[in-house]
file start22.cif (mmCIF, C-alpha atoms)
data_final
loop_
_atom_site.label_atom_id
_atom_site.label_comp_id
_atom_site.auth_asym_id
_atom_site.auth_seq_id
_atom_site.Cartn_x
_atom_site.Cartn_y
_atom_site.Cartn_z
CA MET S 459 -167.39 95.76 280.36
CA LYS S 460 -166.22 98.71 282.43
CA PRO S 461 -162.72 97.47 283.30
CA PHE S 462 -162.28 96.47 279.66
CA ALA S 463 -163.24 99.96 278.48
CA ALA S 464 -160.91 101.55 281.03
CA ALA S 465 -158.06 99.32 279.91
CA LEU S 466 -158.77 100.25 276.30
CA VAL S 467 -158.67 103.95 277.09
CA LEU S 468 -155.48 103.54 279.12
CA ALA S 469 -153.84 101.62 276.29
CA GLY S 470 -154.92 104.41 274.00
CA LEU S 471 -153.36 107.08 276.18
CA VAL S 472 -150.07 105.22 276.36
CA LEU S 473 -149.96 104.44 272.66
CA ALA S 474 -151.13 107.89 271.61
CA ALA S 475 -147.89 109.21 273.06
CA CYS S 476 -146.07 107.42 270.25
CA THR S 477 -145.67 109.30 267.02
CA PRO S 478 -147.93 108.01 264.26
CA PRO S 479 -145.98 106.37 261.46
CA ASP S 480 -145.72 108.05 258.10
CA PRO S 481 -148.82 107.00 256.18
CA GLY S 482 -146.50 106.11 253.34
CA SER S 483 -146.57 106.93 249.68
CA GLY S 484 -146.19 103.68 247.80
CA ILE S 485 -148.78 101.05 246.98
CA ASN S 486 -148.59 97.79 248.89
CA ASP S 487 -150.93 95.37 247.16
CA PRO S 488 -149.79 91.74 247.54
CA HIS S 489 -153.40 90.49 247.24
CA GLU S 490 -154.04 92.18 243.92
CA ALA S 491 -155.44 89.06 242.21
CA GLU S 492 -158.08 88.47 244.92
CA ASN S 493 -158.74 92.18 245.23
CA ARG S 494 -159.47 92.40 241.52
CA LYS S 495 -162.05 89.63 241.83
CA VAL S 496 -163.78 91.52 244.63
CA HIS S 497 -163.54 94.63 242.50
CA ALA S 498 -165.35 92.92 239.63
CA PHE S 499 -168.11 92.00 242.08
CA ASN S 500 -168.32 95.57 243.42
CA ARG S 501 -168.50 96.91 239.90
CA LYS S 502 -171.40 94.62 239.10
CA LEU S 503 -173.08 95.66 242.33
CA ASP S 504 -172.63 99.28 241.30
CA ALA S 505 -173.99 98.77 237.80
CA THR S 506 -177.05 96.86 238.93
CA LEU S 507 -177.85 98.34 242.34
CA PHE S 508 -176.01 101.44 243.56
CA GLY S 509 -175.68 103.21 240.24
CA PRO S 510 -179.39 103.24 239.33
CA VAL S 511 -180.45 103.99 242.92
CA ALA S 512 -177.86 106.75 243.23
CA GLU S 513 -179.04 108.25 239.98
CA ARG S 514 -182.57 108.44 241.28
CA ALA S 515 -181.60 109.61 244.77
CA GLY S 516 -179.16 112.12 243.30
CA LYS S 517 -181.82 113.71 241.11
CA ALA S 518 -184.10 114.35 244.06
CA PRO S 519 -182.47 113.90 247.45
CA GLY S 520 -185.91 113.76 248.99
CA ALA S 521 -186.85 114.74 252.50
CA LEU S 522 -187.11 111.07 253.46
CA VAL S 523 -183.54 110.25 252.37
CA THR S 524 -182.18 113.31 254.18
CA THR S 525 -184.14 112.50 257.33
CA VAL S 526 -183.00 108.88 257.42
CA ASP S 527 -179.41 110.00 256.86
CA ASN S 528 -179.63 112.67 259.58
CA PHE S 529 -181.00 110.12 262.01
CA ALA S 530 -178.34 107.51 261.20
CA THR S 531 -175.55 110.09 261.42
CA ASN S 532 -176.75 111.22 264.82
CA ILE S 533 -177.01 107.65 266.16
CA ASP S 534 -173.51 107.03 264.84
CA THR S 535 -171.99 110.18 266.37
CA PRO S 536 -171.11 108.68 269.80
CA ARG S 537 -168.94 106.14 267.97
CA VAL S 538 -167.07 109.04 266.34
CA VAL S 539 -166.66 110.73 269.74
CA VAL S 540 -165.21 107.54 271.24
CA ASN S 541 -162.61 107.54 268.45
CA ASP S 542 -161.89 111.23 269.03
CA LEU S 543 -161.20 110.44 272.69
CA LEU S 544 -159.04 107.43 271.85
CA GLN S 545 -157.01 109.75 269.60
CA LEU S 546 -156.89 112.39 272.37
CA ASN S 547 -158.54 114.81 269.97
CA LEU S 548 -160.48 116.76 272.57
CA ALA S 549 -161.47 119.59 270.23
CA ASP S 550 -163.25 117.25 267.82
CA ALA S 551 -164.70 115.26 270.70
CA ALA S 552 -166.21 118.47 272.06
CA THR S 553 -167.54 119.60 268.66
CA ASN S 554 -169.09 116.22 267.90
CA THR S 555 -170.60 115.93 271.37
CA LEU S 556 -172.12 119.38 271.01
CA ARG S 557 -173.55 118.30 267.66
CA PHE S 558 -175.01 115.17 269.20
CA VAL S 559 -176.65 117.11 272.01
CA MET S 560 -178.04 119.79 269.68
CA ASN S 561 -179.38 117.40 267.09
CA SER S 562 -180.82 115.01 269.67
CA THR S 563 -182.78 117.85 271.27
CA LEU S 564 -183.39 120.73 268.84
CA GLY S 565 -183.15 118.28 265.94
CA LEU S 566 -185.92 116.09 267.42
CA GLY S 567 -183.89 112.97 268.12
CA GLY S 568 -181.59 113.53 265.14
CA LEU S 569 -184.25 113.70 262.42
CA PHE S 570 -183.02 117.20 261.63
CA ASP S 571 -179.49 118.57 261.55
CA PRO S 572 -179.58 122.11 262.99
CA ALA S 573 -175.90 121.82 263.95
CA SER S 574 -174.74 121.65 260.31
CA GLU S 575 -177.02 124.54 259.45
CA MET S 576 -175.03 126.54 261.99
CA GLY S 577 -171.78 125.45 260.34
CA LEU S 578 -171.07 122.85 263.01
CA TYR S 579 -170.28 119.90 260.72
CA LEU S 580 -169.46 116.41 261.89
CA ARG S 581 -165.69 115.95 262.24
CA GLU S 582 -165.50 112.47 260.81
CA THR S 583 -163.14 109.82 262.11
CA ASP S 584 -163.09 106.07 262.68
CA PHE S 585 -161.20 103.30 264.42
CA GLY S 586 -158.89 102.87 261.43
CA ALA S 587 -157.71 106.43 262.13
CA THR S 588 -157.40 105.58 265.82
CA LEU S 589 -155.17 102.63 264.94
CA TYR S 590 -153.07 104.99 262.81
CA HIS S 591 -152.70 107.37 265.75
CA TRP S 592 -151.68 104.47 267.94
CA GLY S 593 -148.85 103.65 265.54
CA MET S 594 -150.26 100.69 263.62
CA PRO S 595 -148.87 100.45 260.08
CA GLU S 596 -151.22 100.65 257.10
CA GLY S 597 -150.67 97.08 255.95
CA ALA S 598 -151.76 95.73 252.58
CA TYR S 599 -154.38 97.25 250.35
CA ARG S 600 -157.73 95.44 250.39
CA GLU S 601 -160.87 95.81 248.40
CA LEU S 602 -163.78 94.66 250.54
CA PRO S 603 -167.07 93.45 249.11
CA PHE S 604 -169.74 96.15 249.43
CA PHE S 605 -167.54 98.46 251.54
CA GLY S 606 -165.02 98.94 248.75
CA PRO S 607 -161.39 100.12 249.03
CA SER S 608 -159.62 99.62 252.36
CA THR S 609 -156.36 98.48 253.93
CA ASP S 610 -155.52 95.90 256.59
CA ARG S 611 -155.60 98.66 259.18
CA ASP S 612 -158.83 100.22 257.94
CA ALA S 613 -160.57 96.86 257.58
CA ALA S 614 -159.67 96.00 261.20
CA GLY S 615 -160.90 99.45 262.18
CA LEU S 616 -164.19 98.87 260.40
CA VAL S 617 -164.82 95.66 262.35
CA VAL S 618 -164.11 97.39 265.66
CA ASP S 619 -166.28 100.37 264.71
CA PHE S 620 -169.30 98.05 264.63
CA PHE S 621 -168.85 97.43 268.36
CA LEU S 622 -167.62 100.82 269.49
CA ASN S 623 -170.81 102.84 269.77
CA PRO S 624 -171.70 103.30 273.48
CA LEU S 625 -175.37 103.40 272.47
CA SER S 626 -175.03 99.68 271.71
CA TRP S 627 -174.68 99.06 275.45
CA THR S 628 -176.92 101.79 276.81
CA LEU S 629 -180.01 101.79 274.58
CA PRO S 630 -182.95 99.58 275.57
CA LYS S 631 -182.32 96.08 274.24
CA LYS S 632 -184.81 96.22 271.40
CA TYR S 633 -183.05 99.27 269.90
CA ARG S 634 -179.51 97.93 270.03
CA TRP S 635 -179.52 97.02 266.36
CA LEU S 636 -179.65 100.73 265.56
CA PRO S 637 -175.94 101.69 265.94
CA PRO S 638 -174.56 99.02 263.58
CA ALA S 639 -177.42 99.67 261.15
CA ALA S 640 -176.60 103.37 261.28
CA LEU S 641 -173.00 102.60 260.34
CA VAL S 642 -174.12 100.60 257.30
CA GLU S 643 -176.58 103.31 256.34
CA ARG S 644 -173.85 105.92 256.43
CA TRP S 645 -171.62 103.91 254.08
CA ALA S 646 -174.49 103.47 251.67
CA ALA S 647 -175.43 107.16 251.95
CA ALA S 648 -171.88 108.29 251.20
CA ARG S 649 -171.86 105.95 248.23
CA LEU S 650 -175.11 107.49 246.99
CA ARG S 651 -173.97 111.05 247.63
CA TYR S 652 -170.93 110.59 245.40
CA GLY S 653 -172.92 108.28 243.15
CA ASP S 654 -172.20 109.94 239.83
CA ALA S 655 -168.49 110.33 240.52
CA VAL S 656 -168.10 106.74 241.72
CA THR S 657 -170.11 105.28 238.85
CA ASP S 658 -168.09 107.38 236.44
CA LEU S 659 -164.86 106.04 237.89
CA LEU S 660 -166.02 102.41 238.07
CA GLN S 661 -167.58 102.22 234.63
CA ASN S 662 -165.48 104.65 232.57
CA SER S 663 -161.95 104.35 233.90
CA GLU S 664 -159.47 102.42 231.80
CA ASP S 665 -158.30 100.49 234.86
CA SER S 666 -160.90 101.29 237.49
CA TYR S 667 -159.30 98.95 240.02
CA ALA S 668 -155.96 100.76 239.96
CA GLN S 669 -157.58 104.18 239.83
CA LEU S 670 -159.85 103.47 242.82
CA ARG S 671 -156.90 102.12 244.77
CA LEU S 672 -154.83 105.23 244.08
CA LEU S 673 -157.63 107.66 244.88
CA TYR S 674 -158.52 105.85 248.08
CA LEU S 675 -154.96 105.66 249.40
CA GLN S 676 -154.17 109.29 248.54
CA ASN S 677 -157.35 110.61 250.09
CA ARG S 678 -157.07 108.40 253.17
CA ARG S 679 -153.44 109.31 253.83
CA PHE S 680 -154.23 112.99 253.32
CA LYS S 681 -156.95 112.80 255.95
CA LEU S 682 -154.84 110.84 258.43
CA ARG S 683 -151.80 113.08 258.10
CA GLY S 684 -153.82 116.28 257.69
CA ASP S 685 -151.50 117.23 254.86
CA LEU S 686 -150.08 116.13 251.53
CA GLY S 687 -147.00 113.89 251.40
CA ALA S 688 -143.48 114.88 250.41
CA GLU S 689 -143.93 113.05 247.08
CA ASP S 690 -146.79 115.43 246.22
CA TYR S 691 -144.41 118.38 246.22
CA GLU S 692 -142.00 117.06 243.61
CA ASP S 693 -140.89 119.87 241.34
CA PRO S 694 -141.65 118.84 237.73
CA TYR S 695 -139.57 121.77 236.45
CA GLU S 696 -136.40 120.27 237.91
CA GLU S 697 -136.14 117.25 235.61
CA MET M 699 -129.91 168.10 274.10
CA ARG M 700 -130.16 169.52 270.61
CA ALA M 701 -127.17 167.48 269.37
CA PHE M 702 -128.63 164.44 270.93
CA SER M 703 -131.94 164.86 269.21
CA ARG M 704 -130.17 165.47 265.89
CA ARG M 705 -128.20 162.28 266.35
CA HIS M 706 -131.45 160.63 267.18
CA PHE M 707 -132.90 161.99 263.98
CA LEU M 708 -129.94 160.72 261.93
CA ILE M 709 -130.17 157.28 263.46
CA ALA M 710 -133.90 157.24 262.88
CA THR M 711 -133.42 158.24 259.24
CA ALA M 712 -130.77 155.59 258.70
CA LEU M 713 -132.95 153.00 260.39
CA SER M 714 -135.99 153.88 258.35
CA ALA M 715 -133.91 153.68 255.16
CA VAL M 716 -132.77 150.19 256.14
CA LEU M 717 -136.30 149.23 257.08
CA SER M 718 -137.81 150.50 253.88
CA SER M 719 -135.21 148.68 251.80
CA LEU M 720 -136.03 145.53 253.76
CA ARG M 721 -139.69 146.10 253.17
CA SER M 722 -139.25 146.59 249.43
CA GLY M 723 -137.29 143.33 249.38
CA ALA M 724 -140.17 141.67 251.18
CA ALA M 725 -142.58 143.32 248.80
CA ALA M 726 -140.76 141.80 245.83
CA ALA M 727 -141.10 138.32 247.38
CA ALA M 728 -144.66 139.03 248.47
CA LEU M 729 -145.47 139.98 244.92
CA THR M 730 -144.82 136.42 243.76
CA GLU M 731 -146.89 135.09 246.62
CA ASP M 732 -149.55 137.59 245.71
CA GLY M 733 -149.15 136.62 242.06
CA ALA M 734 -149.79 132.96 242.87
CA ARG M 735 -152.80 133.92 244.91
CA ARG M 736 -154.11 136.25 242.22
CA LEU M 737 -153.88 133.47 239.62
CA ILE M 738 -155.96 131.08 241.71
CA ASP M 739 -158.36 133.91 242.63
CA LYS M 740 -158.94 134.30 238.89
CA VAL M 741 -159.26 130.54 238.31
CA VAL M 742 -161.75 130.25 241.14
CA ALA M 743 -163.72 133.30 239.99
CA ASP M 744 -163.90 131.84 236.46
CA ILE M 745 -164.98 128.42 237.77
CA ASN M 746 -167.65 130.06 239.92
CA ALA M 747 -168.86 132.07 236.91
CA ILE M 748 -169.02 128.97 234.67
CA ILE M 749 -170.84 126.73 237.15
CA ASN M 750 -173.36 129.41 237.95
CA SER M 751 -173.82 130.61 234.35
CA GLY M 752 -176.73 128.29 233.67
CA GLU M 753 -175.37 127.40 230.22
CA ASP M 754 -175.73 123.89 228.82
CA ARG M 755 -173.25 121.04 229.29
CA GLU M 756 -171.35 121.43 226.06
CA ALA M 757 -170.93 125.20 226.47
CA MET M 758 -169.69 124.60 230.00
CA PHE M 759 -167.14 122.05 228.81
CA ARG M 760 -165.88 124.51 226.18
CA ASP M 761 -165.48 127.18 228.86
CA PHE M 762 -163.62 124.80 231.16
CA GLU M 763 -161.32 123.84 228.30
CA LYS M 764 -160.48 127.51 227.68
CA LEU M 765 -159.93 128.02 231.40
CA PHE M 766 -157.64 125.02 231.63
CA LYS M 767 -155.57 126.16 228.64
CA ARG M 768 -155.30 129.71 229.97
CA TYR M 769 -154.34 128.98 233.57
CA ALA M 770 -152.67 125.54 233.59
CA ASP M 771 -149.14 124.81 232.41
CA LEU M 772 -150.13 122.27 229.79
CA ASN M 773 -146.54 121.62 228.69
CA VAL M 774 -145.39 120.29 232.01
CA ILE M 775 -148.71 118.56 232.81
CA ALA M 776 -148.82 116.76 229.46
CA ARG M 777 -145.23 115.58 229.84
CA LYS M 778 -145.84 114.22 233.35
CA VAL M 779 -149.13 112.60 232.41
CA MET M 780 -147.88 110.85 229.27
CA GLY M 781 -144.82 109.60 231.14
CA PRO M 782 -141.94 107.78 229.38
CA ALA M 783 -143.75 107.84 226.01
CA TRP M 784 -143.33 111.63 225.93
CA ARG M 785 -139.70 111.17 224.94
CA ARG M 786 -140.52 109.27 221.74
CA ALA M 787 -143.52 111.47 220.83
CA THR M 788 -143.01 113.79 217.85
CA PRO M 789 -143.60 117.55 218.31
CA ALA M 790 -146.86 117.18 216.36
CA GLN M 791 -147.98 114.32 218.61
CA ARG M 792 -147.09 116.30 221.71
CA GLN M 793 -149.15 119.24 220.50
CA ALA M 794 -152.11 117.01 219.58
CA PHE M 795 -151.88 115.25 222.92
CA LYS M 796 -152.00 118.57 224.78
CA GLU M 797 -155.18 119.50 222.89
CA ALA M 798 -156.76 116.10 223.51
CA PHE M 799 -155.81 116.13 227.18
CA ALA M 800 -157.24 119.63 227.71
CA ARG M 801 -160.53 118.52 226.21
CA TYR M 802 -160.53 115.34 228.31
CA MET M 803 -159.85 117.28 231.52
CA ALA M 804 -162.51 119.87 230.75
CA ARG M 805 -165.12 117.14 230.32
CA LYS M 806 -164.00 115.00 233.22
CA TYR M 807 -163.68 117.75 235.80
CA GLY M 808 -166.42 119.84 234.20
CA LYS M 809 -168.90 117.04 234.94
CA ARG M 810 -167.87 117.10 238.59
CA PHE M 811 -167.89 120.88 238.83
CA ARG M 812 -171.44 120.85 237.46
CA GLU M 813 -172.43 119.28 240.77
CA PHE M 814 -171.03 122.37 242.47
CA ILE M 815 -173.80 124.66 241.24
CA GLY M 816 -174.52 127.03 244.10
CA ALA M 817 -171.17 126.19 245.64
CA GLU M 818 -168.63 128.74 246.66
CA ILE M 819 -164.88 128.26 246.29
CA LYS M 820 -162.62 130.59 248.25
CA VAL M 821 -158.85 130.99 248.44
CA THR M 822 -157.71 130.63 252.04
CA GLY M 823 -153.92 130.77 252.02
CA VAL M 824 -150.59 130.65 250.18
CA ARG M 825 -147.21 129.24 251.10
CA ARG M 826 -143.90 128.88 249.35
CA ILE M 827 -142.58 125.40 248.58
CA LYS M 828 -139.17 125.13 246.94
CA SER M 829 -139.42 127.21 243.75
CA PHE M 830 -143.20 127.28 243.60
CA TYR M 831 -146.26 128.18 245.66
CA GLU M 832 -149.08 126.22 247.14
CA VAL M 833 -152.43 128.00 247.16
CA ARG M 834 -155.18 126.53 249.31
CA SER M 835 -158.84 126.96 248.64
CA VAL M 836 -161.99 125.63 250.23
CA ALA M 837 -165.11 124.56 248.36
CA LYS M 838 -168.34 124.93 250.26
CA LEU M 839 -171.30 122.97 249.02
CA ARG M 840 -174.72 123.51 250.45
CA GLY M 841 -175.44 121.21 253.37
CA GLN M 842 -172.07 119.48 253.19
CA ALA M 843 -168.85 119.81 255.13
CA PRO M 844 -166.42 122.02 253.16
CA PHE M 845 -163.55 120.31 251.35
CA GLU M 846 -160.11 121.46 250.38
CA VAL M 847 -158.62 122.06 246.94
CA ARG M 848 -154.91 122.91 246.72
CA TRP M 849 -153.10 124.30 243.69
CA LEU M 850 -149.39 124.34 242.88
CA VAL M 851 -148.39 127.50 241.04
CA SER M 852 -145.14 128.31 239.26
CA ASP M 853 -143.86 130.94 236.84
CA LYS M 854 -141.02 128.79 235.50
CA SER M 855 -142.79 128.47 232.15
CA GLY M 856 -142.44 132.24 231.77
CA LYS M 857 -146.01 132.83 232.87
CA THR M 858 -147.68 132.31 236.22
CA LYS M 859 -149.63 129.05 235.85
CA PHE M 860 -150.78 126.15 237.97
CA PHE M 861 -149.26 122.73 237.27
CA ASN M 862 -151.05 120.49 239.75
CA MET M 863 -154.16 120.42 241.90
CA PHE M 864 -155.30 118.28 244.81
CA VAL M 865 -158.90 117.62 245.72
CA GLU M 866 -158.99 116.33 249.29
CA GLY M 867 -155.46 115.05 248.89
CA VAL M 868 -155.94 113.35 245.52
CA ASN M 869 -153.02 114.32 243.29
CA MET M 870 -154.39 115.22 239.85
CA LEU M 871 -151.06 114.68 238.06
CA THR M 872 -150.48 111.25 239.60
CA ALA M 873 -154.07 110.09 239.08
CA GLU M 874 -154.22 111.23 235.45
CA ALA M 875 -150.75 109.85 234.71
CA GLN M 876 -151.96 106.44 235.89
CA GLU M 877 -155.15 106.70 233.85
CA VAL M 878 -153.56 107.96 230.63
CA GLN M 879 -150.69 105.47 230.81
CA ALA M 880 -153.20 102.63 231.32
CA MET M 881 -154.98 103.82 228.17
CA LEU M 882 -151.70 103.91 226.30
CA ARG M 883 -150.81 100.37 227.42
CA LYS M 884 -154.21 99.08 226.26
CA ARG M 885 -153.46 100.63 222.86
CA LYS M 886 -150.10 98.87 222.78
CA GLY M 887 -148.22 102.15 223.15
CA ASN M 888 -149.83 103.69 220.07
CA ILE M 889 -149.75 107.43 220.82
CA ASP M 890 -151.99 108.39 217.88
CA ARG M 891 -154.75 106.07 219.08
CA LEU M 892 -154.40 107.48 222.60
CA ILE M 893 -154.79 111.01 221.22
CA ARG M 894 -157.84 109.95 219.21
CA ASP M 895 -159.58 108.16 222.11
CA LEU M 896 -158.66 110.42 225.02
CA PRO M 897 -161.32 113.15 224.57
CA LYS M 898 -163.98 110.43 224.31
CA ALA M 899 -162.81 108.78 227.54
CA ALA M 900 -164.41 111.35 229.83
#
call {"tool": "encode", "arguments": {"input": "start22.cif", "output": "structure tokens"}}
result
Amino acid sequence: MKPFAAALVLAGLVLAACTPPDPGSGINDPHEAENRKVHAFNRKLDATLFGPVAERAGKAPGALVTTVDNFATNIDTPRVVVNDLLQLNLADAATNTLRFVMNSTLGLGGLFDPASEMGLYLRETDFGATLYHWGMPEGAYRELPFFGPSTDRDAAGLVVDFFLNPLSWTLPKKYRWLPPAALVERWAAARLRYGDAVTDLLQNSEDSYAQLRLLYLQNRRFKLRGDLGAEDYEDPYEE
Amino acid sequence: MRAFSRRHFLIATALSAVLSSLRSGAAAAALTEDGARRLIDKVVADINAIINSGEDREAMFRDFEKLFKRYADLNVIARKVMGPAWRRATPAQRQAFKEAFARYMARKYGKRFREFIGAEIKVTGVRRIKSFYEVRSVAKLRGQAPFEVRWLVSDKSGKTKFFNMFVEGVNMLTAEAQEVQAMLRKRKGNIDRLIRDLPKAA
């Protein structure tokens, strides 16, 4: 395991020296027909499962929900730190490590989130972002069952993220299911947190597939690039 | 020594005249930057007042509609959002579409802003882009990481107004253009039906 990890880090250092590609502005969706089928499934899943649950959870984000989410987020944090390091983002790596230490101790093993209360929020990232920093192109748009909108690059990143948490190798064997479970919990929690907005989009949009695709790509590219794209600054008065 | 200090004085006077003229030039430019910032300061203050007013849904939507009409450049937004059909729309249809779109936006975004009760939105910076300004603001929700809202502000309509906004990178003009044009396509390009159905779509 160790030589493999070292090789991975080394590859990261070398590749990180390359400039990330432009995240792009267009929509590359050659699998639209299949994607739309998955979308229909996700919509049904939303209407029957997520929507009603989100509505209830949204009305009263109870102590239990918050505690479970805090715990999962804390378990998941080392995976985020690994990605920070692979992106050579030492500032975020330090912030997230500090969060992990604080919440694991003062926060009683992550059940509470004293770090956020002090304004020290999690600086989110993932292996899809790492691949972007290493120069991998975005690829085609994909809608994944359950996980929703993605791209070739982000879908590959998602798979790797399930194996990237160092706790998966260091925790006692009987707890090693926790890191991947935490990752799933965090997707579900995010889905519940934005429940109303997502349900609104999925059920009320005229073409919810196209709208979700656009919103996902714009938001994702904005986060990767840390800025808007040139196309966002078109001057509508000059036409 | 005396002559020297007088020359010094003259040079200093000339310099300060140049400097002050430079500064007034900068002040004129800064005024527009300030103007853009002031507009969004007002928008944000109004949004904060509406979401924390405690009034009911419908009253909130009416207030958001007024806010949108007052501070957004509806002419340019409506044209971009309707897309190619704008060219064949009659003046009456254009006017009706602007009304319908304002109501639709107030309801759609009003619903989201309702979730911001207790939130605080603050302007954080301004920068010039081509002929317009980008104003950045940050929305802080309790217990959540803050997120960014950017506004594009121009006075090319004759008044200082915003013509686009971005919530975490999502381009409002592009997203609504896609949505409205999908509605129009489903109505076989019938602009009157679009105008009728749009306020009910949010």
call {"tool": "closest_atom_pairs", "arguments": {"input": "start22.cif", "of": "chain S", "to": "chain M", "cutoff": "6 Å", "atoms": "all atoms listed in the file", "output": "CSV"}}
result
residue,atom,partner,partner_atom,distance
S:Tyr579,CA,M:Ala843,CA,5.8
S:Glu664,CA,M:Met881,CA,5.9
S:Leu673,CA,M:Val868,CA,6.0
S:Gln676,CA,M:Val868,CA,5.4
S:Asn677,CA,M:Gly867,CA,5.0
S:Phe680,CA,M:Gly867,CA,5.0
call {"tool": "closest_residue", "arguments": {"input": "start22.cif", "among": "S:Asn493, S:Thr628, S:Thr555, S:Asn561", "to": "Ala668 (chain S)", "atoms": "all atoms listed in the file"}}
result
S:Asn493
call {"tool": "residues_around", "arguments": {"input": "start22.cif", "residues": "Pro897 (chain M)", "least_positions_apart": "3", "cutoff": "10 Å", "atoms": "all atoms listed in the file", "output": "list in words"}}
result
Phe795, Glu797, Ala798, Phe799, Ala800, Arg801, Tyr802, Met803, Ala804, Arg805, Lys806, Leu892, Ile893, Arg894 and Ala900 of chain M
call {"tool": "residues_around", "arguments": {"input": "start22.cif", "residues": "Val836 (chain M)", "least_positions_apart": "6", "cutoff": "6 Å", "atoms": "all atoms listed in the file", "output": "ChimeraX atom specification"}}
result
/M:819-820,845-847
call {"tool": "residues_around", "arguments": {"input": "start22.cif", "residues": "Arg644 (chain S)", "least_positions_apart": "4", "cutoff": "9 Å", "atoms": "only C-alpha atoms", "output": "MDAnalysis selection string"}}
result
chainID S and resid 527 530:531 534 639:640 648:649
call {"tool": "atom_distance", "arguments": {"input": "start22.cif", "atom1": "CA of Phe508 (chain S)", "atom2": "CA of Phe620 (chain S)"}}
result
22.4 Å
call {"tool": "atom_distance", "arguments": {"input": "start22.cif", "atom1": "CA of Arg736 (chain M)", "atom2": "CA of Ala770 (chain M)"}}
result
13.8 Å
call {"tool": "closest_residue", "arguments": {"input": "start22.cif", "among": "S:Ala688, S:Leu578, S:Met560, S:Leu672", "to": "Ala875 (chain M)", "atoms": "all atoms listed in the file"}}
result
S:Leu672
call {"tool": "closest_residue", "arguments": {"input": "start22.cif", "among": "S:Ile533, S:Arg600, S:Leu507, S:Val656", "to": "Lys495 (chain S)", "atoms": "all atoms listed in the file"}}
result
S:Arg600
call {"tool": "closest_residue", "arguments": {"input": "start22.cif", "among": "M:Val821, M:Ala787, M:Ala837, M:Ala776", "to": "Ile889 (chain M)", "atoms": "all atoms listed in the file"}}
result
M:Ala787
call {"tool": "atom_distance", "arguments": {"input": "start22.cif", "atom1": "CA of Leu566 (chain S)", "atom2": "CA of Leu543 (chain S)"}}
result
25.9 Å
call {"tool": "closest_residue", "arguments": {"input": "start22.cif", "among": "M:Gly781, M:Gly856, M:Gly808, M:Pro789", "to": "Ala757 (chain M)", "atoms": "all atoms listed in the file"}}
result
M:Gly808
call {"tool": "resolve_selection", "arguments": {"input": "start22.cif", "expression": "the PyMOL selection byres ((chain S and resi 567) around 12)", "output": "MDAnalysis selection string"}}
result
chainID S and resid 525:526 528:533 557:566 568:572
call {"tool": "resolve_selection", "arguments": {"input": "start22.cif", "expression": "the PyMOL selection byres ((chain S and resi 627) around 12)", "output": "VMD selection string"}}
result
chain S and resid 459 to 460 463 536 to 537 621 to 626 628 to 638
